[in-house]
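Printed here is work36.txt (compact mmCIF, C-alpha atoms and all ligand atoms):
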```txt
# COMPACT_ATOMS: atom_id res chain seq x y z
CA MET A 1 66.05 197.79 -12.08
CA SER A 2 69.37 197.40 -13.47
CA ILE A 3 70.70 199.20 -16.41
CA LYS A 4 74.00 197.81 -15.16
CA LEU A 5 72.79 194.24 -15.31
CA LEU A 6 71.36 194.71 -18.77
CA ALA A 7 74.60 196.22 -19.94
CA ILE A 8 76.58 193.29 -18.63
CA THR A 9 74.22 190.77 -20.16
CA THR A 10 74.45 192.49 -23.50
CA LEU A 11 78.20 192.53 -23.31
CA LEU A 12 78.29 188.83 -22.45
CA VAL A 13 76.00 187.95 -25.31
CA CYS A 14 78.26 189.84 -27.67
CA LEU A 15 81.39 188.28 -26.27
CA ALA A 16 79.91 184.81 -26.52
CA MET A 17 78.89 185.58 -30.03
CA THR A 18 82.29 186.52 -31.33
CA LYS A 19 83.45 183.10 -30.24
CA SER A 20 80.56 181.12 -31.64
CA LEU A 21 80.36 179.44 -35.01
CA LEU A 22 76.77 180.39 -35.60
CA PRO A 23 75.65 181.75 -38.97
CA THR A 24 77.00 185.17 -39.86
CA PHE A 25 74.49 187.93 -39.37
CA ALA A 26 75.13 191.19 -41.15
CA ILE A 27 75.40 193.00 -37.87
CA LYS A 28 78.31 190.82 -36.86
CA THR A 29 80.29 191.98 -39.83
CA VAL A 30 79.14 195.55 -39.64
CA THR A 31 82.52 196.87 -38.66
CA ALA A 32 84.22 194.97 -41.43
CA THR A 33 81.85 195.68 -44.30
CA THR A 34 80.98 198.84 -46.12
CA ALA A 35 77.38 199.83 -45.90
CA ASN A 36 76.57 199.18 -49.54
CA SER A 37 77.77 195.64 -49.68
CA ALA A 38 75.81 194.60 -46.60
CA THR A 39 72.32 195.35 -47.91
CA ASN A 40 71.18 191.81 -48.52
CA SER A 41 72.43 190.58 -45.19
CA ALA A 42 70.85 193.48 -43.32
CA LYS A 43 67.63 192.36 -44.94
CA ALA A 44 68.29 188.82 -43.75
CA ASP A 45 68.77 190.09 -40.20
CA LEU A 46 65.51 191.98 -40.35
CA ARG A 47 63.73 188.97 -41.80
CA LEU A 48 64.97 186.88 -38.90
CA LEU A 49 64.00 189.45 -36.26
CA LEU A 50 60.50 189.75 -37.65
CA ALA A 51 59.94 186.03 -38.08
CA GLY A 52 57.24 184.48 -35.90
CA ARG A 53 57.58 182.96 -32.49
CA GLY A 54 59.87 180.00 -32.17
CA VAL A 55 61.93 180.87 -35.23
CA GLY A 56 65.64 181.34 -34.69
CA LEU A 57 65.45 182.53 -31.11
CA GLU A 58 69.18 182.34 -30.52
CA GLY A 59 69.95 184.19 -33.69
CA LYS A 60 67.43 186.88 -32.76
CA GLU A 61 69.05 187.32 -29.39
CA GLU A 62 72.47 187.69 -30.95
CA VAL A 63 71.38 190.29 -33.45
CA ILE A 64 69.52 192.23 -30.77
CA GLY A 65 72.43 191.95 -28.35
CA CYS A 66 74.88 193.27 -30.92
CA LEU A 67 72.54 196.03 -31.98
CA SER A 68 72.35 197.24 -28.37
CA THR A 69 76.10 197.07 -27.90
CA LEU A 70 76.77 198.94 -31.12
CA ARG A 71 74.17 201.54 -30.27
CA ARG A 72 75.70 202.15 -26.88
CA ALA A 73 79.23 202.42 -28.28
CA ARG A 74 77.96 204.74 -31.01
CA ALA A 75 76.39 206.96 -28.35
CA GLU A 76 79.82 207.14 -26.73
CA GLY A 77 81.18 208.46 -30.00
CA GLU A 78 82.63 205.30 -31.51
CA GLU A 79 82.49 205.15 -35.31
CA ASN A 80 81.34 201.56 -35.52
CA GLY A 81 78.99 201.23 -38.46
CA PHE A 82 75.82 201.39 -36.35
CA ASN A 83 74.45 204.34 -38.28
CA GLU A 84 75.10 202.79 -41.69
CA TYR A 85 73.63 199.46 -40.64
CA VAL A 86 70.46 200.97 -39.18
CA ASP A 87 70.10 203.23 -42.20
CA GLU A 88 69.87 200.10 -44.31
CA LEU A 89 67.17 198.72 -42.05
CA LEU A 90 65.36 202.08 -42.22
CA GLU A 91 65.51 201.97 -45.99
CA LEU A 92 63.71 198.63 -45.92
CA VAL A 93 61.15 199.97 -43.47
CA ASP A 94 60.54 203.12 -45.51
CA ALA A 95 60.32 201.38 -48.88
CA ARG A 96 56.93 201.32 -50.58
CA ARG A 97 55.17 203.47 -48.00
CA GLY A 98 51.58 204.50 -48.49
CA GLY A 99 48.47 202.91 -49.93
CA PHE A 100 49.06 199.34 -49.04
CA THR A 101 49.79 200.25 -45.44
CA LYS A 102 46.50 202.11 -45.19
CA LEU A 103 44.61 199.27 -46.73
CA PHE A 104 46.22 196.81 -44.44
CA SER A 105 45.61 198.80 -41.29
CA ARG A 106 41.86 198.37 -41.81
CA ALA A 107 42.10 194.62 -41.76
CA PRO A 108 42.01 192.83 -38.43
CA LEU A 109 45.45 191.79 -37.33
CA ALA A 110 46.27 188.23 -38.10
CA LEU A 111 47.60 186.41 -35.07
CA ASN A 112 50.29 184.48 -36.80
CA VAL A 113 51.48 186.59 -39.67
CA PRO A 114 53.65 184.51 -41.87
CA SER A 115 55.35 186.65 -44.47
CA PHE A 116 58.24 189.08 -44.28
CA ARG A 117 56.28 191.55 -46.36
CA VAL A 118 53.42 191.64 -43.91
CA ASN A 119 55.79 191.80 -40.94
CA LEU A 120 57.56 194.71 -42.56
CA LEU A 121 54.23 196.51 -42.88
CA LEU A 122 53.51 195.93 -39.23
CA LEU A 123 56.93 197.27 -38.31
CA ARG A 124 56.29 200.33 -40.46
CA ARG A 125 53.05 200.97 -38.61
CA VAL A 126 54.82 200.64 -35.27
CA MET A 127 57.40 203.19 -36.43
CA GLU A 128 54.69 205.57 -37.65
CA LEU A 129 52.80 205.35 -34.39
CA THR A 130 55.91 205.72 -32.30
CA ASP A 131 57.92 208.42 -33.91
CA THR A 132 56.69 211.17 -36.14
CA SER A 133 60.17 212.65 -36.11
CA VAL A 134 62.04 213.07 -39.36
CA GLU A 135 65.28 213.55 -37.49
CA VAL A 136 67.47 210.70 -38.63
CA ALA A 137 69.32 210.20 -35.34
CA ALA A 138 66.01 209.83 -33.52
CA ARG A 139 64.65 207.41 -36.12
CA ARG A 140 67.75 205.23 -35.90
CA ASN A 141 67.39 205.05 -32.15
CA THR A 142 63.70 204.38 -32.34
CA LEU A 143 64.13 201.53 -34.79
CA ALA A 144 66.93 199.97 -32.75
CA ILE A 145 64.82 200.16 -29.59
CA ILE A 146 61.74 198.77 -31.30
CA LEU A 147 63.68 195.82 -32.69
CA SER A 148 65.13 195.17 -29.25
CA GLN A 149 61.58 194.74 -27.92
CA LEU A 150 61.12 191.72 -30.18
CA LYS A 151 63.07 189.62 -27.72
CA THR A 152 60.53 190.03 -24.94
CA THR A 153 57.20 190.89 -26.55
CA LYS A 154 54.75 188.06 -26.96
CA GLY A 155 53.40 187.73 -30.47
CA GLY A 156 56.38 189.26 -32.26
CA VAL A 157 55.88 192.38 -34.30
CA ALA A 158 52.08 192.00 -34.36
CA GLY A 159 52.17 191.99 -30.57
CA LEU A 160 54.31 195.13 -30.60
CA LEU A 161 51.85 196.87 -32.86
CA ARG A 162 48.89 195.96 -30.65
CA GLU A 163 50.73 197.35 -27.67
CA ALA A 164 51.82 200.52 -29.45
CA GLU A 165 48.25 201.11 -30.66
CA ARG A 166 46.81 200.64 -27.23
CA ARG A 167 49.38 202.97 -25.66
CA THR A 168 49.08 205.73 -28.23
CA ARG A 169 45.34 205.64 -28.83
CA ASN A 170 44.57 208.71 -26.78
CA ALA A 171 46.54 211.75 -25.77
CA VAL A 172 48.71 210.45 -23.01
CA SER A 173 47.18 211.08 -19.60
CA MET A 174 49.16 211.62 -16.41
CA GLU A 175 47.67 208.36 -15.19
CA GLU A 176 49.26 206.57 -18.15
CA MET A 177 52.55 208.35 -17.42
CA ILE A 178 52.48 207.16 -13.82
CA SER A 179 52.04 203.60 -15.10
CA ARG A 180 55.17 204.06 -17.21
CA THR A 181 57.27 205.04 -14.21
CA PRO A 182 59.64 202.21 -13.27
CA GLU A 183 58.42 200.37 -10.19
CA GLY A 184 60.49 200.02 -7.07
CA LEU A 185 62.77 202.98 -7.74
CA GLU A 186 62.75 206.03 -5.51
CA THR A 187 61.73 209.27 -7.15
CA PRO A 188 61.36 212.82 -5.73
CA LYS A 189 58.04 213.37 -3.99
CA TYR A 190 55.65 216.06 -5.11
CA LYS A 191 52.09 217.22 -4.71
CA VAL A 192 50.08 218.36 -7.72
CA VAL A 193 48.91 221.94 -7.16
CA GLU A 194 47.09 222.44 -10.43
CA ARG A 195 46.65 220.24 -13.49
CA PHE A 196 45.97 221.21 -17.10
CA GLU A 197 45.24 217.67 -18.26
CA GLY A 198 44.06 218.68 -21.73
CA GLU A 199 47.31 220.47 -22.42
CA GLY A 200 49.40 217.80 -20.76
CA TRP A 201 51.07 219.78 -17.99
CA GLU A 202 50.73 220.54 -14.31
CA ILE A 203 52.12 222.58 -11.44
CA ARG A 204 53.84 220.55 -8.71
CA GLU A 205 55.18 221.33 -5.31
CA TYR A 206 58.31 219.24 -4.78
CA ASN A 207 59.63 218.18 -1.39
CA ASP A 208 63.33 218.29 -0.64
CA TYR A 209 65.48 215.80 -2.51
CA ALA A 210 69.14 215.46 -3.40
CA LEU A 211 71.16 214.93 -6.56
CA CYS A 212 74.51 213.81 -7.76
CA SER A 213 75.49 215.79 -10.83
CA THR A 214 78.14 216.07 -13.47
CA ARG A 215 78.95 218.85 -15.90
CA ASN A 216 79.94 216.20 -18.39
CA VAL A 217 76.83 216.13 -20.57
CA GLU A 218 78.30 214.38 -23.59
CA GLY A 219 75.58 211.74 -23.94
CA PHE A 220 76.53 208.36 -22.65
CA SER A 221 79.76 209.26 -20.91
CA GLY A 222 77.99 211.61 -18.48
CA PHE A 223 75.46 208.88 -17.83
CA GLN A 224 78.26 206.41 -17.14
CA THR A 225 80.03 208.82 -14.81
CA LEU A 226 76.91 209.10 -12.64
CA ALA A 227 76.03 205.42 -12.86
CA GLY A 228 79.61 204.66 -11.80
CA TYR A 229 79.28 206.87 -8.72
CA ILE A 230 75.93 205.32 -7.75
CA PHE A 231 77.16 201.76 -8.31
CA GLY A 232 80.27 202.05 -6.15
CA LYS A 233 82.93 204.05 -7.97
CA ASN A 234 83.32 206.38 -5.01
CA VAL A 235 85.85 206.81 -2.23
CA GLU A 236 83.98 204.44 0.09
CA ASN A 237 83.28 201.88 -2.64
CA ARG A 238 79.66 202.00 -1.58
CA THR A 239 76.82 200.95 -3.86
CA MET A 240 73.55 202.82 -3.70
CA ALA A 241 70.12 202.01 -5.10
CA MET A 242 69.21 203.22 -8.57
CA THR A 243 66.56 205.95 -8.65
CA THR A 244 64.52 207.78 -11.27
CA PRO A 245 64.42 210.14 -13.20
CA VAL A 246 67.63 211.34 -14.83
CA PHE A 247 67.67 215.14 -15.15
CA MET A 248 69.35 216.94 -18.04
CA SER A 249 69.99 220.61 -18.60
CA PRO A 250 72.23 222.03 -21.33
CA ASP A 251 75.24 221.99 -19.01
CA LYS A 252 74.43 219.42 -16.34
CA MET A 253 73.23 215.83 -15.93
CA SER A 254 71.94 214.56 -12.59
CA PHE A 255 70.75 211.38 -10.90
CA VAL A 256 68.57 211.46 -7.81
CA MET A 257 70.26 210.33 -4.58
CA PRO A 258 68.44 207.76 -2.40
CA SER A 259 65.89 209.27 0.02
CA ASP A 260 68.23 208.74 3.01
CA TYR A 261 69.93 211.94 1.95
CA TRP A 262 66.91 214.08 1.20
CA GLY A 263 66.21 217.13 3.35
CA ASP A 264 69.39 216.83 5.42
CA GLU A 265 72.32 218.72 3.94
CA ALA A 266 74.76 217.73 6.67
CA LYS A 267 73.99 214.06 6.13
CA LEU A 268 74.33 214.41 2.38
CA LYS A 269 77.69 216.12 2.79
CA ASN A 270 79.13 213.84 5.48
CA GLU A 271 77.53 210.45 5.01
CA ALA A 272 76.69 210.02 1.35
CA PRO A 273 79.56 208.43 -0.61
CA THR A 274 82.34 210.84 -1.54
CA PRO A 275 82.86 211.28 -5.29
CA LEU A 276 86.30 210.30 -6.53
CA ALA A 277 88.51 213.37 -6.92
CA THR A 278 88.90 212.55 -10.61
CA SER A 279 85.25 211.92 -11.36
CA ASP A 280 83.67 215.36 -11.79
CA VAL A 281 80.65 214.33 -9.67
CA GLU A 282 79.08 216.70 -7.13
CA LYS A 283 76.47 216.13 -4.45
CA GLU A 284 73.72 218.67 -4.32
CA ALA A 285 70.75 219.33 -2.06
CA VAL A 286 67.52 220.56 -3.66
CA GLY A 287 65.03 222.47 -1.55
CA LYS A 288 61.23 222.58 -1.76
CA LYS A 289 60.14 224.22 -4.96
CA LEU A 290 57.28 224.95 -7.30
CA VAL A 291 57.67 223.33 -10.71
CA ALA A 292 55.74 223.31 -13.98
CA ALA A 293 55.90 219.88 -15.63
CA LEU A 294 54.94 219.05 -19.21
CA TRP A 295 54.86 215.34 -19.96
CA PHE A 296 55.47 213.43 -23.19
CA GLY A 297 56.29 209.92 -24.40
CA GLY A 298 58.70 208.63 -27.00
CA VAL A 299 62.42 209.04 -27.34
CA SER A 300 63.50 212.44 -26.11
CA THR A 301 66.21 214.02 -28.23
CA LYS A 302 67.63 217.53 -28.00
CA LYS A 303 65.44 218.82 -30.80
CA ILE A 304 62.29 217.27 -29.38
CA SER A 305 62.93 218.65 -25.91
CA GLU A 306 63.62 222.10 -27.33
CA ARG A 307 60.20 222.00 -29.00
CA ARG A 308 58.56 220.82 -25.77
CA LYS A 309 60.31 223.52 -23.81
CA ALA A 310 58.83 226.18 -26.09
CA GLU A 311 55.43 224.53 -25.70
CA LEU A 312 55.61 224.68 -21.90
CA GLN A 313 56.76 228.30 -22.04
CA ASN A 314 53.69 229.09 -24.19
CA PHE A 315 51.31 227.34 -21.82
CA LEU A 316 52.83 229.21 -18.90
CA ASP A 317 52.55 232.55 -20.71
CA GLY A 318 48.94 231.71 -21.56
CA CYS A 319 47.79 230.66 -18.11
CA GLY A 320 48.92 233.85 -16.43
CA GLY A 321 49.17 232.49 -12.88
CA PHE A 322 52.79 231.35 -12.94
CA GLY A 323 56.05 232.74 -14.25
CA VAL A 324 59.29 230.90 -14.90
CA GLY A 325 61.48 231.41 -11.82
CA ASP A 326 64.91 232.89 -12.11
CA GLY A 327 66.93 229.69 -11.58
CA ASP A 328 70.33 230.30 -13.08
CA GLY A 329 69.18 230.32 -16.68
CA ASP A 330 70.41 226.86 -17.52
CA ASP A 331 68.56 225.33 -14.63
CA ALA A 332 65.29 227.08 -15.37
CA PHE A 333 64.29 224.19 -17.66
CA LEU A 334 65.18 220.53 -17.12
CA VAL A 335 64.43 217.38 -19.07
CA ALA A 336 63.50 214.41 -16.89
CA SER A 337 63.73 210.86 -18.33
CA TYR A 338 62.28 208.12 -16.19
CA ASN A 339 63.13 204.90 -18.07
CA ASP A 340 66.24 202.98 -18.95
CA PRO A 341 67.53 203.24 -22.51
CA PHE A 342 65.98 199.91 -23.53
CA THR A 343 62.38 200.84 -22.82
CA ALA A 344 60.05 200.97 -25.83
CA PRO A 345 59.22 204.52 -26.92
CA TRP A 346 55.53 204.09 -26.19
CA LYS A 347 56.30 203.04 -22.61
CA ARG A 348 58.49 206.02 -21.81
CA ARG A 349 57.78 208.87 -19.48
CA ASN A 350 59.62 212.13 -20.15
CA GLU A 351 59.01 215.58 -18.77
CA ILE A 352 60.10 219.16 -19.22
CA LEU A 353 60.35 220.79 -15.82
CA ALA A 354 60.60 224.50 -15.12
CA ASN A 355 61.02 226.21 -11.78
CA VAL A 356 58.12 228.62 -11.45
CA GLN A 357 56.75 231.26 -9.12
CA ARG A 358 53.20 232.33 -8.49
CA LYS A 359 52.51 235.72 -10.00
CA LYS A 360 51.07 238.12 -7.47
C1 LIG A 401 88.00 200.76 -2.64
O1 LIG A 401 88.46 199.91 -3.68
C2 LIG A 401 89.77 200.19 -4.07
C3 LIG A 401 90.07 199.36 -5.30
O2 LIG A 401 89.53 198.09 -5.20
C4 LIG A 401 90.72 199.92 -2.91
O3 LIG A 401 92.05 200.21 -3.28
C5 LIG A 401 90.31 200.80 -1.74
O4 LIG A 401 91.11 200.50 -0.60
C6 LIG A 401 88.84 200.60 -1.40
N1 LIG A 401 88.46 201.58 -0.39
C7 LIG A 401 87.73 201.28 0.67
C8 LIG A 401 87.42 202.42 1.57
O5 LIG A 401 87.29 200.16 0.89
```
Let me see the structure of the file written as structure tokens.
Ligand SMILES: *[C@@H]1O[C@H](CO)[C@@H](O)[C@H](O)[C@H]1NC(C)=O
Amino acid sequence: MSIKLLAITTLLVCLAMTKSLLPTFAIKTVTATTANSATNSAKADLRLLLAGRGVGLEGKEEVIGCLSTLRRARAEGEENGFNEYVDELLELVDARRGGFTKLFSRAPLALNVPSFRVNLLLLRRVMELTDTSVEVAARRNTLAIILSQLKTTKGGVAGLLREAERRTRNAVSMEEMISRTPEGLETPKYKVVERFEGEGWEIREYNDYALCSTRNVEGFSGFQTLAGYIFGKNVENRTMAMTTPVFMSPDKMSFVMPSDYWGDEAKLKNEAPTPLATSDVEKEAVGKKLVAALWFGGVSTKKISERRKAELQNFLDGCGGFGVGDGDGDDAFLVASYNDPFTAPWKRRNEILANVQRKK
């Protein structure tokens, strides 16, 4: 499904908003205000977002739309007040942690929770379940994503919490991960050779597939370069279908090409759309290979994937049967992200992949 469509919708909402005469939400003035003076209005935004069903729907949509737009622009490097604004929200979420939360979590969830205070507690619990990270960039992202879910989740923040609890109750199984894989998108085919379910990793044998890649790995701009190529910014102006996952290595980001171009290098070279000379996109065939895959949920940041990488390396060292293949160093480990940037952390499927060889 369409990251592109979502992006356009968000943009439209924000455009419409700048023209409207609706009440001023703090987020609308974020670029104009200093962080300190916006505290009360940030609180008002949060109060609105957490209010029950049927309250201020339009306002909620505006705040959420702007939050997404700001977050995206921030990821592209724009200094736009997103960080300061979300830090204020985080401060509210983090205030008065502890005892009361514990006490509350034992009580059955009320269906229609009325007060801001209670809603704030629920939000805190969602954050705690979702993200144990103390890394501030990750927490900002997580909070922004969680708040964005309030537009579509039935039952507001209580509904979110129920869902997060259900999804995080047990160690995440591969079966759960499969259910988090976006439907209707092509993804490289593989066969599981050996699974270490308890440790959360497996050995896969991948079939041929093909990639388009860029060496531009600066967050969102690399993503946009590849999305541009897939959605028609190529010599032939041809649009292709979106696929999953997105692969990241320290010096390369890749999207998967549609299956038409898998296992046929000549076809990939001659028939798949030609990248614009200026775009820094390359087409690339990938042959059959043996891969170790460690899976995890949540928002995958650099730090988190580094930790997961080390974990997979340990498991591989411990199991004895497989060694990390040579690759070219950088390509030995990849991070695969299967979901669009708006997916709730507890519905995400991420993996660390390593090319491996059987030890003789
Ligand atoms: C692709 O689009 C550009 C800009 O709209 C146009 O100049 C060019 O002729 C198109 N190329 C093809 C092959 O249709």
Residue nearest Phe296 (chain A) among A:Glu194, A:Asp317, A:Asp251, A:Glu176 (counting only C-alpha atoms)
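The answer is A:Glu176, which sits nearest to Phe296 (chain A).
Straight-line separation from CA of Arg117 (chain A) to CA of Val55 (chain A): 16.4 Å.
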With 6 Å on each side, where is the centre of the axis-aligned box around all listed atoms of ligand LIG 401 (chain A), and how long are its edges in Å to one decimal, as JSON?
```
{"center_x": 89.7, "center_y": 200.3, "center_z": -1.9, "size_x": 16.8, "size_y": 16.3, "size_z": 18.9}
```
Give me the residues near Glu284 (chain A) as a list in words, where near means some atom within 7 Å (using only C-alpha atoms) and where sequence neighbours in that chain fewer than 6 positions away do not count.
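With the cut-off at 7 Å, the set is Ala210, Leu211 and Cys212 of chain A.
CA of Lys289 (chain A) lies 25.4 Å from CA of Val172 (chain A).
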Please compute the CA of Ala227 (chain A)-CA of Ala332 (chain A) distance, one decimal, in Å.
24.3 Å
Give the residue list for ligand LIG 401 (chain A) at 7 Å, counting only C-alpha atoms and all ligand atoms, as a list in words, sorted by chain and then by residue number.
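I would give the residues around ligand LIG 401 (chain A) as Val235, Glu236 and Asn237 of chain A.
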If you count all atoms listed in the file, which residues fall within 12 Å of Ala51 (chain A), apart from same-chain ones fewer than 5 positions away, as a ChimeraX atom specification?
/A:44-46,56-57,59-60,112-120,122-123,147,150-151,155-158
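Taking only C-alpha atoms into account, Lys347 (chain A) lies nearest to A:Ile145 out of the set A:Ile203, A:Ile145, A:Ala95, A:Val286.
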Considering only C-alpha atoms, can you say which of A:Ala285, A:Ala272, A:Leu353, A:Met253 comes closest to Glu311 (chain A)?
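Result for the nearest residue to Glu311 (chain A): A:Leu353.
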Which one of A:Gly65, A:Gly184, A:Gly198, A:Pro245 sits closest to Ser148 (chain A) if you count all atoms listed in the file?
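Comparing A:Gly65, A:Gly184, A:Gly198, A:Pro245 against Ser148 (chain A), the winner is A:Gly65.
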Just checking: using only C-alpha atoms, which residue out of A:Ala164, A:Leu185, A:Val335, A:Leu89 ends up closest to Arg139 (chain A)?
A:Leu89
Polymer residues at most 10 Å from Ala344 (chain A), only C-alpha atoms, same-chain spacing of 4 or more positions, as number ranges by chain
A: 130, 142-149, 160, 164, 297-299, 339-340, 348
Can you tell me, as a VMD selection string, which residues sit within 12 Å of (77.6, 205.5, -29.2) in the file's frame, using only C-alpha atoms?
chain A and resid 67 to 83 137 140 to 141 218 to 221
Do you know which residues are at most 9 Å from region 273-279 of chain A counting all atoms listed in the file, after dropping those on the same chain fewer than 6 positions away, and could you put them as a ChimeraX atom specification?
/A:214,225-226,229-230,232-240
Deliver the residues from the most recent selection as a file, using C-alpha atoms, as a compact mmCIF listing (two decimals), in the frame of the given file.
```txt
# COMPACT_ATOMS: atom_id res chain seq x y z
CA THR A 214 78.14 216.07 -13.47
CA THR A 225 80.03 208.82 -14.81
CA LEU A 226 76.91 209.10 -12.64
CA TYR A 229 79.28 206.87 -8.72
CA ILE A 230 75.93 205.32 -7.75
CA GLY A 232 80.27 202.05 -6.15
CA LYS A 233 82.93 204.05 -7.97
CA ASN A 234 83.32 206.38 -5.01
CA VAL A 235 85.85 206.81 -2.23
CA GLU A 236 83.98 204.44 0.09
CA ASN A 237 83.28 201.88 -2.64
CA ARG A 238 79.66 202.00 -1.58
CA THR A 239 76.82 200.95 -3.86
CA MET A 240 73.55 202.82 -3.70
```
